[in-house]
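Peer 1: File name structure.cif; file contents mmCIF, C-alpha atoms; full text below.
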```cif
data_work
loop_
_atom_site.label_atom_id
_atom_site.label_comp_id
_atom_site.auth_asym_id
_atom_site.auth_seq_id
_atom_site.Cartn_x
_atom_site.Cartn_y
_atom_site.Cartn_z
CA MET R 447 -68.01 -78.09 59.09
CA ILE R 448 -71.75 -78.12 58.45
CA LYS R 449 -73.80 -81.29 58.47
CA LEU R 450 -77.49 -81.19 57.55
CA CYS R 451 -79.62 -84.01 58.93
CA GLY R 452 -83.06 -84.92 57.66
CA PHE R 453 -84.67 -86.71 54.72
CA ARG R 454 -85.21 -85.59 51.16
CA VAL R 455 -88.99 -85.93 51.10
CA SER R 456 -89.24 -83.27 53.82
CA ASN R 457 -90.06 -79.86 52.37
CA TYR R 458 -88.38 -78.10 55.31
CA HIS R 459 -85.21 -80.13 54.83
CA ASN R 460 -85.29 -79.32 51.13
CA LYS R 461 -85.79 -75.62 51.79
CA VAL R 462 -82.47 -75.56 53.65
CA ARG R 463 -80.75 -77.62 50.95
CA ILE R 464 -81.80 -75.13 48.27
CA ALA R 465 -80.38 -72.25 50.29
CA LEU R 466 -77.10 -74.06 50.90
CA LEU R 467 -76.73 -74.83 47.19
CA GLU R 468 -77.71 -71.33 46.07
CA LYS R 469 -75.25 -69.79 48.54
CA GLY R 470 -72.51 -72.22 47.52
CA VAL R 471 -71.91 -73.36 51.11
CA ALA R 472 -70.05 -76.66 51.47
CA TYR R 473 -71.87 -79.16 53.65
CA GLU R 474 -72.31 -82.81 54.47
CA GLU R 475 -75.73 -84.42 54.52
CA ASP R 476 -77.28 -87.31 56.39
CA SER R 477 -80.48 -87.88 54.42
CA SER R 478 -81.54 -90.95 56.43
CA VAL R 479 -82.82 -89.02 59.48
CA THR R 480 -86.58 -89.03 60.11
CA PRO R 481 -88.66 -87.30 62.81
CA SER R 482 -89.00 -89.11 66.11
CA GLN R 483 -90.25 -88.58 69.64
CA GLN R 484 -87.78 -91.10 71.07
CA ASP R 485 -85.52 -89.76 73.81
CA ASP R 486 -82.30 -90.36 71.89
CA TYR R 487 -83.57 -88.33 68.96
CA LEU R 488 -85.00 -85.59 71.14
CA ALA R 489 -81.48 -85.11 72.49
CA LEU R 490 -80.52 -84.10 68.93
CA SER R 491 -83.65 -82.21 67.90
CA PRO R 492 -85.70 -81.10 70.93
CA MET R 493 -89.02 -80.99 69.04
CA GLY R 494 -88.29 -84.28 67.33
CA LYS R 495 -88.44 -82.68 63.89
CA VAL R 496 -86.25 -82.40 60.81
CA PRO R 497 -84.07 -80.88 59.74
CA TYR R 498 -81.42 -80.12 62.25
CA MET R 499 -77.91 -78.96 61.50
CA GLU R 500 -74.60 -79.64 63.19
CA VAL R 501 -72.08 -76.79 63.06
CA ASP R 502 -68.70 -77.69 64.55
CA GLY R 503 -70.39 -79.85 67.17
CA THR R 504 -73.23 -77.43 67.95
CA ARG R 505 -76.73 -78.35 66.81
CA LEU R 506 -79.36 -76.02 65.40
CA CYS R 507 -82.98 -76.93 64.78
CA GLU R 508 -85.91 -75.15 63.11
CA SER R 509 -85.37 -74.54 59.41
CA GLU R 510 -85.86 -70.79 59.53
CA VAL R 511 -83.34 -70.45 62.36
CA ILE R 512 -80.88 -72.50 60.31
CA LEU R 513 -81.38 -70.19 57.33
CA GLU R 514 -80.88 -67.09 59.47
CA TYR R 515 -77.60 -68.58 60.72
CA LEU R 516 -76.47 -69.26 57.16
CA GLU R 517 -77.22 -65.67 56.17
CA GLU R 518 -75.10 -64.32 59.00
CA ALA R 519 -72.28 -66.85 58.70
CA TYR R 520 -72.07 -66.83 54.89
CA PRO R 521 -72.99 -63.31 53.70
CA GLN R 522 -71.04 -63.55 50.43
CA LYS R 523 -74.13 -64.57 48.43
CA PRO R 524 -77.07 -63.18 50.42
CA LEU R 525 -80.63 -64.47 50.25
CA LEU R 526 -81.97 -61.52 52.22
CA PRO R 527 -81.87 -57.89 51.05
CA LYS R 528 -79.56 -55.38 52.75
CA ASP R 529 -82.34 -52.98 53.68
CA PRO R 530 -83.90 -53.91 57.07
CA LEU R 531 -87.45 -53.23 55.91
CA ALA R 532 -86.99 -55.25 52.73
CA ARG R 533 -85.54 -58.09 54.84
CA ALA R 534 -88.62 -57.94 57.04
CA LYS R 535 -90.88 -58.15 53.98
CA VAL R 536 -89.13 -61.37 52.92
CA ARG R 537 -89.62 -62.82 56.39
CA GLU R 538 -93.26 -61.74 56.24
CA LEU R 539 -93.75 -63.75 53.05
CA VAL R 540 -92.06 -66.81 54.53
CA THR R 541 -94.32 -66.61 57.58
CA VAL R 542 -97.46 -66.42 55.44
CA ILE R 543 -96.34 -69.31 53.22
CA GLU R 544 -95.40 -71.57 56.11
CA LEU R 545 -97.74 -70.64 58.95
CA HIS R 546 -100.87 -69.69 57.04
CA LEU R 547 -100.62 -71.96 53.99
CA GLU R 548 -98.38 -75.02 54.33
CA LEU R 549 -99.01 -75.79 57.99
CA VAL R 550 -102.76 -75.37 57.45
CA ALA R 551 -102.75 -77.61 54.35
CA ARG R 552 -100.65 -80.15 56.28
CA ARG R 553 -103.80 -81.18 58.11
CA LEU R 554 -104.91 -82.75 54.81
CA TYR R 555 -101.72 -84.71 54.10
CA ALA R 556 -102.55 -87.87 56.05
CA GLY R 557 -105.70 -88.30 54.00
CA VAL R 558 -104.53 -87.26 50.55
CA PHE R 559 -100.94 -88.53 50.54
CA PHE R 560 -100.76 -91.40 53.04
CA GLY R 561 -104.03 -93.28 52.67
CA GLY R 562 -105.70 -91.95 55.80
CA THR R 563 -108.92 -90.02 56.15
CA VAL R 564 -109.80 -86.38 56.63
CA SER R 565 -112.99 -85.54 58.49
CA GLU R 566 -115.51 -83.19 56.95
CA GLY R 567 -114.99 -80.86 59.91
CA THR R 568 -111.26 -80.73 59.25
CA LYS R 569 -111.82 -80.06 55.56
CA GLN R 570 -114.18 -77.19 56.34
CA SER R 571 -111.77 -75.68 58.86
CA VAL R 572 -108.79 -76.01 56.52
CA GLU R 573 -110.72 -74.46 53.64
CA LYS R 574 -111.64 -71.46 55.74
CA GLU R 575 -108.09 -70.91 57.03
CA LEU R 576 -106.46 -71.46 53.65
CA ALA R 577 -108.70 -68.81 52.12
CA LYS R 578 -107.13 -66.30 54.51
CA GLY R 579 -103.62 -67.49 53.70
CA VAL R 580 -104.21 -67.29 49.95
CA ARG R 581 -105.65 -63.79 50.38
CA ALA R 582 -102.52 -62.73 52.26
CA LEU R 583 -100.22 -64.28 49.66
CA LYS R 584 -102.02 -62.43 46.88
CA ALA R 585 -101.52 -59.18 48.75
CA LEU R 586 -97.80 -59.71 49.43
CA ALA R 587 -96.34 -61.69 46.52
CA LYS R 588 -94.72 -59.65 43.74
CA PHE R 589 -93.45 -62.17 41.14
CA GLU R 590 -90.99 -59.57 39.72
CA PRO R 591 -89.79 -62.21 38.78
CA PHE R 592 -89.17 -63.60 42.27
CA ILE R 593 -91.83 -63.75 44.92
CA ALA R 594 -90.43 -60.84 46.97
CA GLY R 595 -89.21 -58.76 44.04
CA GLY R 596 -86.25 -58.63 41.71
CA GLU R 597 -83.81 -60.83 43.62
CA LEU R 598 -83.86 -64.45 44.76
CA THR R 599 -84.48 -64.66 48.51
CA LEU R 600 -85.28 -67.08 51.29
CA ALA R 601 -88.94 -66.57 50.42
CA ASP R 602 -88.31 -68.34 47.11
CA CYS R 603 -86.64 -71.25 48.90
CA ALA R 604 -89.79 -71.59 50.98
CA ALA R 605 -92.25 -71.06 48.13
CA ALA R 606 -90.58 -73.68 45.91
CA VAL R 607 -91.05 -76.48 48.41
CA HIS R 608 -94.35 -75.48 50.03
CA LEU R 609 -96.62 -74.07 47.33
CA PRO R 610 -96.68 -77.26 45.20
CA LEU R 611 -97.86 -79.19 48.27
CA VAL R 612 -100.62 -76.67 48.95
CA SER R 613 -101.73 -76.92 45.32
CA LEU R 614 -101.68 -80.71 45.16
CA SER R 615 -103.21 -81.41 48.57
CA THR R 616 -106.14 -79.05 47.96
CA LYS R 617 -106.73 -80.45 44.48
CA LEU R 618 -106.87 -83.97 45.89
CA ALA R 619 -109.00 -83.04 48.91
CA TYR R 620 -111.43 -80.60 47.29
CA GLY R 621 -111.16 -81.21 43.56
CA ARG R 622 -109.62 -77.80 42.95
CA ASN R 623 -106.26 -76.16 43.43
CA PHE R 624 -106.66 -73.39 46.00
CA LEU R 625 -103.87 -71.42 44.28
CA GLU R 626 -105.55 -71.49 40.87
CA GLY R 627 -106.71 -67.91 41.41
CA MET R 628 -103.05 -66.83 41.28
CA PRO R 629 -102.02 -67.53 37.67
CA GLN R 630 -98.52 -66.22 38.38
CA VAL R 631 -97.71 -69.22 40.59
CA LYS R 632 -97.33 -71.86 37.88
CA PRO R 633 -94.86 -69.96 35.64
CA TYR R 634 -93.05 -68.70 38.71
CA LEU R 635 -92.47 -72.23 40.02
CA LYS R 636 -91.42 -73.33 36.53
CA MET R 637 -88.88 -70.50 36.45
CA LEU R 638 -87.47 -71.53 39.84
CA GLY R 639 -87.33 -75.15 38.70
CA GLU R 640 -84.99 -74.19 35.89
CA ARG R 641 -82.35 -73.00 38.37
CA ALA R 642 -79.70 -75.64 39.05
CA ALA R 643 -80.13 -75.77 42.84
CA PHE R 644 -83.91 -76.00 42.70
CA ALA R 645 -83.83 -78.60 39.92
CA ARG R 646 -81.32 -80.77 41.79
CA VAL R 647 -83.32 -80.73 45.01
CA ALA R 648 -86.57 -81.47 43.16
CA ALA R 649 -85.03 -84.42 41.32
CA GLU R 650 -83.55 -85.87 44.49
CA ARG R 651 -86.85 -85.38 46.34
CA LYS R 652 -88.64 -87.27 43.58
CA ALA R 653 -86.13 -90.12 43.71
CA ALA R 654 -86.43 -90.34 47.50
CA GLN R 655 -90.23 -90.32 47.25
CA GLU R 656 -90.18 -93.15 44.71
CA GLU R 657 -87.82 -95.14 46.92
CA MET R 658 -90.10 -94.60 49.91
CA ALA R 659 -93.14 -95.74 47.92
CA ALA R 660 -91.30 -98.85 46.75
CA ARG R 661 -90.35 -99.76 50.32
CA ALA R 662 -93.95 -99.30 51.45
CA LYS R 663 -95.16 -101.85 48.88
CA LYS R 664 -92.82 -104.58 50.16
#
```
Spell out the structure here as C-alpha cells.

Peer 2:
Amino acid sequence: MIKLCGFRVSNYHNKVRIALLEKGVAYEEDSSVTPSQQDDYLALSPMGKVPYMEVDGTRLCESEVILEYLEEAYPQKPLLPKDPLARAKVRELVTVIELHLELVARRLYAGVFFGGTVSEGTKQSVEKELAKGVRALKALAKFEPFIAGGELTLADCAAAVHLPLVSLSTKLAYGRNFLEGMPQVKPYLKMLGERAAFARVAAERKAAQEEMAARAKK
C-alpha cells in the first residue's frame, strides 16, 4: 500500500498527488507532515523535506524519484512516452521548470509570501537567473496542447504546480510576471485546471492555504 506524506500547500507534494490521481493509483495520504530538521523526522526523510512516500514499509523521498517509481510500478496509464528520447525530453522540461525556474524563484518566497524581506542583491541575482530559465522554457515547451507535446506527461504535473508560483512571486517582487512573454502559459494552465485531478489538487491546496493563514492570525 502507498502512503504519501506531506502537506497540501507544498507544490512538490501536490505534483505527486496529481500524478497519482491521473494514473488512478490508490493511495493513503498524511497531509499533516511538514519539513523538519529534527532527528526523528530526518529518519523518515533524510533531507528533511516533503513529500516522502511509504511503499509497503519502504520509504522514498524526492518527488521526481517518487514519480519515476510510480511510472515503473504502475505502467497502465503512463505519464512518460514510450520512446526513450521522448522520455528524456520530458525529463529535460521538468529539470528546467524545477531547477532553473521554481528553485530560483523560491529565493523570493520569504519576502513576497511570508512577510520577510528580499535584499536588492538577491533580487538582481534571481532576475538574472530566471531570465535564463525562461529562455530555456521558451525553447523547449511545445503547448501542443500539453507542454511536452500531444500527451499529458510528468512535465505537466510539474508545470501546473510550479509555473503559477514563478508568475506570482515575480509579479509581487518586481511588478511584472516574468512569464508574461509566453502568452501560451495562461491558457495552458487554464486547460490543465479543467482536468479533474488538477482541479481537485488546486482546490485542496487553496483550502489548506486558507486554513494555514487563519491559524497564523490567531

Peer 1: What are the closest atom pairs, with distances in Å to one decimal, for each residue of stretch 513-566 of chain R lying within 8 Å of stretch 455-477 of chain R, using all atoms listed in the file, rows by chain and rising residue number, as CSV?

Peer 2:
```
residue,atom,partner,partner_atom,distance
R:Leu513,CA,R:Val462,CA,6.6
R:Leu516,CA,R:Leu466,CA,7.9
R:Tyr520,CA,R:Val471,CA,7.5
R:Gln522,CA,R:Lys469,CA,7.8
R:Lys523,CA,R:Lys469,CA,5.3
R:Pro524,CA,R:Lys469,CA,7.1
R:Leu525,CA,R:Lys469,CA,7.8
```

Peer 1: Applying 8 Å and all atoms listed in the file, which residues near R:Leu526 remain after dropping the ones on its own chain fewer than 3 positions away? List them as a ChimeraX atom specification.

Peer 2: /R:517,533,536,599-600

Peer 1: Applying the PyMOL selection byres ((chain R and resi 502) around 7) to the file I just gave you, which residues come out? Please list them as a compact mmCIF listing (two decimals) with C-alpha atoms, in the coordinates of the input.

Peer 2:
```txt
# COMPACT_ATOMS: atom_id res chain seq x y z
CA MET R 447 -68.01 -78.09 59.09
CA ILE R 448 -71.75 -78.12 58.45
CA GLU R 500 -74.60 -79.64 63.19
CA VAL R 501 -72.08 -76.79 63.06
CA GLY R 503 -70.39 -79.85 67.17
CA THR R 504 -73.23 -77.43 67.95
```

Peer 1: Run through the PyMOL selection byres ((chain R and resi 578) around 12) on the given coordinates and return the selected residues as a ChimeraX atom specification.

Peer 2: /R:542-543,545-547,550,571-577,579-585,624-625

Peer 1: Hey, which of R:Ala648, R:Val540, R:Val564, R:Ala660 ends up closest to R:Asp602? Count all atoms listed in the file.

Peer 2: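 Of all the options, R:Val540 lies closest to R:Asp602.
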
Peer 1: How many Å lie between atom CA of R:Arg552 and atom CA of R:Leu618, rounded to one decimal?

Peer 2: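 Separation of atom CA of R:Arg552 and atom CA of R:Leu618: 12.7 Å.
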
Peer 1: Expand the PyMOL selection byres ((chain R and resi 630) around 10) into the individual residues it matches in the shown file, reporting them as number ranges by chain.

Peer 2: R: 584, 587-589, 591, 593, 625-629, 631-635

Peer 1: To one decimal in Å, tell me the separation between atom CA of R:Arg505 and atom CA of R:Gln484.

Peer 2: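 Those two atoms sit 17.4 Å apart.
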
Peer 1: Atom CA of R:Val511 to atom CA of R:Ala551: how many Å, to one decimal?

Peer 2: 22.2 Å

Peer 1: Would you mind listing what lies within 12 Å of R:Leu554 as a VMD selection string, with all atoms listed in the file counted and same-chain residues fewer than 6 positions away left out?

Peer 2: chain R and resid 547 to 548 560 to 573 576 611 to 620

Peer 1: Go through R:Lys663, R:Ser491, R:Glu650, R:Pro521 one by one, measure the shortest atom-to-atom distance of each to R:Cys507 using all atoms listed in the file, and give the residue with the smallest value.

Peer 2: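 Checking each of R:Lys663, R:Ser491, R:Glu650, R:Pro521 against R:Cys507, counting all atoms listed in the file, the winner is R:Ser491.
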
Peer 1: Name all residues at most 12 Å from R:Lys495 (count all atoms listed in the file; drop same-chain ones fewer than 3 positions away) and give them as a ChimeraX atom specification.

Peer 2: /R:451-453,456-459,479-484,487-492,498-499,506-509

Peer 1: Would you please work out which residue, of R:Leu549, R:Phe559, R:Lys449, R:Thr541, is nearest to R:Leu586 when using all atoms listed in the file?

Peer 2: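 That would be R:Thr541, the residue with the smallest distance to R:Leu586.
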
Peer 1: Quick one: residues within 9 Å of R:Arg454, all atoms listed in the file, excluding same-chain residues fewer than 6 positions away - as a VMD selection string?

Peer 2: chain R and resid 460 477 to 478 647 650 to 655

Peer 1: Just add N, CA and C atoms to stretch 635-655 of chain R and send it as a tab-separated table (two decimals), keeping the file's coordinate frame.

Peer 2:
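In the end it all went to part.tsv:
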```
chain	number	residue	atom	x	y	z
R	635	LEU	N	-93.09	-70.99	39.56
R	635	LEU	CA	-92.47	-72.23	40.02
R	635	LEU	C	-91.68	-72.90	38.90
R	636	LYS	N	-92.17	-72.79	37.67
R	636	LYS	CA	-91.42	-73.33	36.53
R	636	LYS	C	-90.09	-72.60	36.40
R	637	MET	N	-90.10	-71.29	36.54
R	637	MET	CA	-88.88	-70.50	36.45
R	637	MET	C	-87.87	-70.92	37.54
R	638	LEU	N	-88.36	-71.08	38.77
R	638	LEU	CA	-87.47	-71.53	39.84
R	638	LEU	C	-86.91	-72.91	39.53
R	639	GLY	N	-87.75	-73.78	38.98
R	639	GLY	CA	-87.33	-75.15	38.70
R	639	GLY	C	-86.26	-75.26	37.64
R	640	GLU	N	-86.04	-74.20	36.90
R	640	GLU	CA	-84.99	-74.19	35.89
R	640	GLU	C	-83.63	-73.78	36.45
R	641	ARG	N	-83.61	-73.32	37.70
R	641	ARG	CA	-82.35	-73.00	38.37
R	641	ARG	C	-81.71	-74.30	38.84
R	642	ALA	N	-80.40	-74.38	38.77
R	642	ALA	CA	-79.70	-75.64	39.05
R	642	ALA	C	-79.99	-76.18	40.45
R	643	ALA	N	-79.94	-75.32	41.45
R	643	ALA	CA	-80.13	-75.77	42.84
R	643	ALA	C	-81.54	-76.31	43.04
R	644	PHE	N	-82.52	-75.59	42.55
R	644	PHE	CA	-83.91	-76.00	42.70
R	644	PHE	C	-84.17	-77.30	41.94
R	645	ALA	N	-83.63	-77.40	40.73
R	645	ALA	CA	-83.83	-78.60	39.92
R	645	ALA	C	-83.19	-79.82	40.58
R	646	ARG	N	-82.00	-79.64	41.13
R	646	ARG	CA	-81.32	-80.77	41.79
R	646	ARG	C	-82.12	-81.26	42.99
R	647	VAL	N	-82.57	-80.34	43.82
R	647	VAL	CA	-83.32	-80.73	45.01
R	647	VAL	C	-84.63	-81.39	44.63
R	648	ALA	N	-85.30	-80.87	43.60
R	648	ALA	CA	-86.57	-81.47	43.16
R	648	ALA	C	-86.35	-82.88	42.64
R	649	ALA	N	-85.30	-83.09	41.86
R	649	ALA	CA	-85.03	-84.42	41.32
R	649	ALA	C	-84.69	-85.41	42.43
R	650	GLU	N	-83.92	-84.96	43.39
R	650	GLU	CA	-83.55	-85.87	44.49
R	650	GLU	C	-84.72	-86.12	45.42
R	651	ARG	N	-85.61	-85.15	45.57
R	651	ARG	CA	-86.85	-85.38	46.34
R	651	ARG	C	-87.70	-86.43	45.65
R	652	LYS	N	-87.84	-86.31	44.33
R	652	LYS	CA	-88.64	-87.27	43.58
R	652	LYS	C	-88.08	-88.68	43.71
R	653	ALA	N	-86.76	-88.81	43.59
R	653	ALA	CA	-86.13	-90.12	43.71
R	653	ALA	C	-86.34	-90.71	45.10
R	654	ALA	N	-86.21	-89.88	46.14
R	654	ALA	CA	-86.43	-90.34	47.50
R	654	ALA	C	-87.88	-90.75	47.72
R	655	GLN	N	-88.81	-90.01	47.12
R	655	GLN	CA	-90.23	-90.32	47.25
R	655	GLN	C	-90.54	-91.66	46.58
```
